[in-house]
Amino acid sequence: MEHPQKLEPALYVVATPIGNLRDITLRALDVLAGADVVAAEDTRNTSHLLKHHGIHAKQLMAVHQHNERGAAEKLVARIRAGDSVAFVSDAGTPAVSDPGALLVEAVIAAGLRVIPIPGASAVVAALSASGLNEPHFLFYGFLPNKSAARRTVMQALIGHPYTLVFYEAPHRIVECVADLHAVLGGARRIVLAREVTKLFETIHACTLADAESWLESDANQQRGEFVVLVSGAQPEEGLSAETLNTLKLLLEELPLKQAVQLATKITGENRSELYQRALQMKDAD
């Protein structure tokens, strides 16, 4: 790219491909070619992307989770001096389950402009091909590494009527799915979107009851980065998912009668119906 357009002094948060190098916008290429500094999570990965598209960066600078605060000060100074800074992570959109949030915060705090350059998103790509039709989704990102902590998070999400979306690493995917099954039950739909936009892309839909055996039937299906999508809670007749979740949380902290009494005040639902549902929950536990 020759004679790139002069960019105004600002931080440009640039989305890059999540796999296929052609999944990048023309605007993103213009910004990467024109920026005075390209700040990158991994300069080697970014150098490969730039070379693929024939871009010669004026300056490459490493900005990752271990040096982000210090690097942010330097980049704020550069923008104040009139330079344009393009920031990219290894894949997808910076600051979304990736480094970048601290840098963006620092630039905003300095009264300088932040300009988003949107593009490829693993979450949106997986959702679009999932076949899950809830009108809303909740993006959680990466779950905790340990099973007990994962299950605690899942318990808090159990009553939400939204599609639940997580990122997961290959070495934890089987354990993660097992925990989802244990906490959410086997009836919900799960979509395992593996290596989205890459050569071995796989998007598999099944019930949570069948997901673990599907993963274990072929070790190749456990490789690569995952987007995990789970259908939301279905409201039970008479009580909404939010009411059930409120009751469940209260039962974890209070005796049954107190939990029912407080749930009645909070939700306005019929006390007898809540009491019967609370008994069922206790029996299930």
# chains A, B, ... in the order shown; residues from 1 in each chain; ligands from 1
$ select_by_dssp --residues "segment 26-264 of chain A" --states "alpha helix (DSSP H)" --output "number ranges by chain"
A: 26-34, 43-52, 68-80, 101-109, 122-128, 147-157, 173-184, 208-216, 241-253, 256-264
$ residues_around --residues "Pro161 of chain A" --least-positions-apart "4" --cutoff "7 Å" --atoms "only C-alpha atoms" --output "list in words"
Gly232, Ala233, Gln234 and Ala241 of chain A
$ write_last_selection --atoms "C-alpha atoms" --output "PDB file, in the first residue's frame"
ATOM      1  CA  GLY A 232     -30.874 -20.268  27.631  1.00  0.00           C
ATOM      2  CA  ALA A 233     -33.127 -21.420  30.452  1.00  0.00           C
ATOM      3  CA  GLN A 234     -36.682 -22.167  29.398  1.00  0.00           C
ATOM      4  CA  ALA A 241     -36.665 -18.054  34.901  1.00  0.00           C
TER       5      ALA A 241
END
$ residues_around --residues "segment 115-122 of chain A" --least-positions-apart "3" --cutoff "7 Å" --atoms "only C-alpha atoms" --output "PyMOL selection string"
chain A and resi 10-18+23-25+28+92-93+125-126+196
$ closest_residue --among "A:Gly186, A:Gly224, A:Pro9, A:Gly100" --to "Phe200 of chain A" --atoms "only C-alpha atoms"
A:Gly224
$ closest_atom_pairs --of "segment 135-240 of chain A" --to "segment 94-99 of chain A" --cutoff "12 Å" --atoms "only C-alpha atoms" --output "tab-separated table"
residue	atom	partner	partner_atom	distance
A:Phe139	CA	A:Val96	CA	10.1
A:Tyr140	CA	A:Ser97	CA	9.2
A:Gly141	CA	A:Ser97	CA	6.2
A:Phe142	CA	A:Ser97	CA	7.4
A:Leu143	CA	A:Ser97	CA	10.9
A:Phe166	CA	A:Ser97	CA	10.3
A:Tyr167	CA	A:Ser97	CA	8.7
A:Glu168	CA	A:Ser97	CA	11.2
$ closest_residue --among "A:Val63, A:Val260, A:Val107, A:Val38" --to "Ala77 of chain A" --atoms "only C-alpha atoms"
A:Val107
$ atom_distance --atom1 "atom CA of Ala278 of chain A" --atom2 "atom CA of Glu252 of chain A"
10.9 Å
$ atom_distance --atom1 "atom CA of Ser240 of chain A" --atom2 "atom CA of Arg189 of chain A"
19.6 Å
$ residues_around --residues "Thr152 of chain A" --least-positions-apart "2" --cutoff "12 Å" --atoms "only C-alpha atoms" --output "count of residues only"
20
$ select_by_dssp --residues "segment 143-263 of chain A" --states "strand (DSSP E or B)" --output "number ranges by chain"
A: 163-168, 189-194, 202-207, 226-230, 236, 239
$ write_last_selection --atoms "N, CA and C atoms" --output "PDB file, in the first residue's frame"
ATOM      1  N   THR A 163     -28.987 -17.034  25.336  1.00  0.00           N
ATOM      2  CA  THR A 163     -27.907 -17.901  24.887  1.00  0.00           C
ATOM      3  C   THR A 163     -26.646 -17.514  25.651  1.00  0.00           C
ATOM      4  N   LEU A 164     -25.983 -18.490  26.254  1.00  0.00           N
ATOM      5  CA  LEU A 164     -24.753 -18.253  27.012  1.00  0.00           C
ATOM      6  C   LEU A 164     -23.563 -18.547  26.103  1.00  0.00           C
ATOM      7  N   VAL A 165     -22.614 -17.622  26.045  1.00  0.00           N
ATOM      8  CA  VAL A 165     -21.476 -17.764  25.137  1.00  0.00           C
ATOM      9  C   VAL A 165     -20.174 -17.680  25.929  1.00  0.00           C
ATOM     10  N   PHE A 166     -19.325 -18.691  25.745  1.00  0.00           N
ATOM     11  CA  PHE A 166     -18.041 -18.756  26.447  1.00  0.00           C
ATOM     12  C   PHE A 166     -16.913 -18.979  25.442  1.00  0.00           C
ATOM     13  N   TYR A 167     -15.706 -18.598  25.822  1.00  0.00           N
ATOM     14  CA  TYR A 167     -14.490 -19.030  25.135  1.00  0.00           C
ATOM     15  C   TYR A 167     -13.892 -20.163  25.958  1.00  0.00           C
ATOM     16  N   GLU A 168     -13.274 -21.119  25.294  1.00  0.00           N
ATOM     17  CA  GLU A 168     -12.621 -22.189  26.030  1.00  0.00           C
ATOM     18  C   GLU A 168     -11.403 -22.698  25.275  1.00  0.00           C
ATOM     19  N   ARG A 189     -29.499 -27.261  24.510  1.00  0.00           N
ATOM     20  CA  ARG A 189     -28.697 -27.356  23.294  1.00  0.00           C
ATOM     21  C   ARG A 189     -27.338 -26.701  23.529  1.00  0.00           C
ATOM     22  N   ILE A 190     -26.305 -27.317  22.981  1.00  0.00           N
ATOM     23  CA  ILE A 190     -24.966 -26.735  23.016  1.00  0.00           C
ATOM     24  C   ILE A 190     -24.418 -26.737  21.601  1.00  0.00           C
ATOM     25  N   VAL A 191     -23.714 -25.686  21.256  1.00  0.00           N
ATOM     26  CA  VAL A 191     -23.027 -25.609  19.965  1.00  0.00           C
ATOM     27  C   VAL A 191     -21.546 -25.409  20.261  1.00  0.00           C
ATOM     28  N   LEU A 192     -20.729 -26.317  19.740  1.00  0.00           N
ATOM     29  CA  LEU A 192     -19.281 -26.246  19.891  1.00  0.00           C
ATOM     30  C   LEU A 192     -18.708 -25.736  18.579  1.00  0.00           C
ATOM     31  N   ALA A 193     -18.256 -24.499  18.584  1.00  0.00           N
ATOM     32  CA  ALA A 193     -17.689 -23.888  17.379  1.00  0.00           C
ATOM     33  C   ALA A 193     -16.171 -23.870  17.547  1.00  0.00           C
ATOM     34  N   ARG A 194     -15.522 -24.727  16.768  1.00  0.00           N
ATOM     35  CA  ARG A 194     -14.072 -24.939  16.920  1.00  0.00           C
ATOM     36  C   ARG A 194     -13.324 -24.369  15.724  1.00  0.00           C
ATOM     37  N   THR A 202     -15.074 -26.443  12.687  1.00  0.00           N
ATOM     38  CA  THR A 202     -16.141 -27.403  12.979  1.00  0.00           C
ATOM     39  C   THR A 202     -17.192 -26.700  13.824  1.00  0.00           C
ATOM     40  N   ILE A 203     -18.447 -26.807  13.438  1.00  0.00           N
ATOM     41  CA  ILE A 203     -19.552 -26.254  14.229  1.00  0.00           C
ATOM     42  C   ILE A 203     -20.538 -27.386  14.461  1.00  0.00           C
ATOM     43  N   HIS A 204     -20.564 -27.887  15.674  1.00  0.00           N
ATOM     44  CA  HIS A 204     -21.365 -29.075  16.010  1.00  0.00           C
ATOM     45  C   HIS A 204     -22.416 -28.719  17.050  1.00  0.00           C
ATOM     46  N   ALA A 205     -23.663 -29.070  16.772  1.00  0.00           N
ATOM     47  CA  ALA A 205     -24.776 -28.827  17.689  1.00  0.00           C
ATOM     48  C   ALA A 205     -25.320 -30.152  18.207  1.00  0.00           C
ATOM     49  N   CYS A 206     -25.618 -30.197  19.496  1.00  0.00           N
ATOM     50  CA  CYS A 206     -26.211 -31.399  20.099  1.00  0.00           C
ATOM     51  C   CYS A 206     -26.774 -30.992  21.454  1.00  0.00           C
ATOM     52  N   THR A 207     -27.247 -31.970  22.231  1.00  0.00           N
ATOM     53  CA  THR A 207     -27.667 -31.676  23.594  1.00  0.00           C
ATOM     54  C   THR A 207     -26.455 -31.750  24.516  1.00  0.00           C
ATOM     55  N   PHE A 226     -12.113 -22.766  21.086  1.00  0.00           N
ATOM     56  CA  PHE A 226     -13.549 -23.006  21.053  1.00  0.00           C
ATOM     57  C   PHE A 226     -14.356 -21.778  21.429  1.00  0.00           C
ATOM     58  N   VAL A 227     -15.480 -21.602  20.719  1.00  0.00           N
ATOM     59  CA  VAL A 227     -16.580 -20.778  21.215  1.00  0.00           C
ATOM     60  C   VAL A 227     -17.678 -21.768  21.598  1.00  0.00           C
ATOM     61  N   VAL A 228     -18.119 -21.704  22.842  1.00  0.00           N
ATOM     62  CA  VAL A 228     -19.134 -22.627  23.357  1.00  0.00           C
ATOM     63  C   VAL A 228     -20.420 -21.842  23.574  1.00  0.00           C
ATOM     64  N   LEU A 229     -21.494 -22.289  22.933  1.00  0.00           N
ATOM     65  CA  LEU A 229     -22.782 -21.604  23.043  1.00  0.00           C
ATOM     66  C   LEU A 229     -23.813 -22.569  23.621  1.00  0.00           C
ATOM     67  N   VAL A 230     -24.539 -22.126  24.628  1.00  0.00           N
ATOM     68  CA  VAL A 230     -25.530 -22.972  25.285  1.00  0.00           C
ATOM     69  C   VAL A 230     -26.868 -22.248  25.297  1.00  0.00           C
ATOM     70  N   GLU A 236     -40.439 -22.057  33.191  1.00  0.00           N
ATOM     71  CA  GLU A 236     -41.405 -23.087  33.560  1.00  0.00           C
ATOM     72  C   GLU A 236     -42.773 -22.437  33.753  1.00  0.00           C
ATOM     73  N   LEU A 239     -43.898 -19.805  36.733  1.00  0.00           N
ATOM     74  CA  LEU A 239     -42.807 -19.040  37.336  1.00  0.00           C
ATOM     75  C   LEU A 239     -41.772 -18.722  36.262  1.00  0.00           C
TER      76      LEU A 239
END
$ atom_distance --atom1 "atom CA of Thr46 of chain A" --atom2 "atom CA of Arg27 of chain A"
16.6 Å
$ closest_residue --among "A:Val124, A:Ala106, A:Ile55, A:Ala40" --to "Asp90 of chain A" --atoms "only C-alpha atoms"
A:Ala40
$ residues_around --residues "Arg44 of chain A" --least-positions-apart "4" --cutoff "10 Å" --atoms "only C-alpha atoms" --output "list in words"
Ala40, His48, Leu49, Leu50, Leu60, Ala62 and Asp90 of chain A
$ residues_around --residues "Lys265 of chain A" --least-positions-apart "4" --cutoff "12 Å" --atoms "only C-alpha atoms" --output "number ranges by chain"
A: 243, 246-247, 258-261, 269-271, 274
$ residues_around --residues "Lys6 of chain A" --least-positions-apart "5" --cutoff "10 Å" --atoms "only C-alpha atoms" --output "number ranges by chain"
A: 30-31, 33-36, 83-84
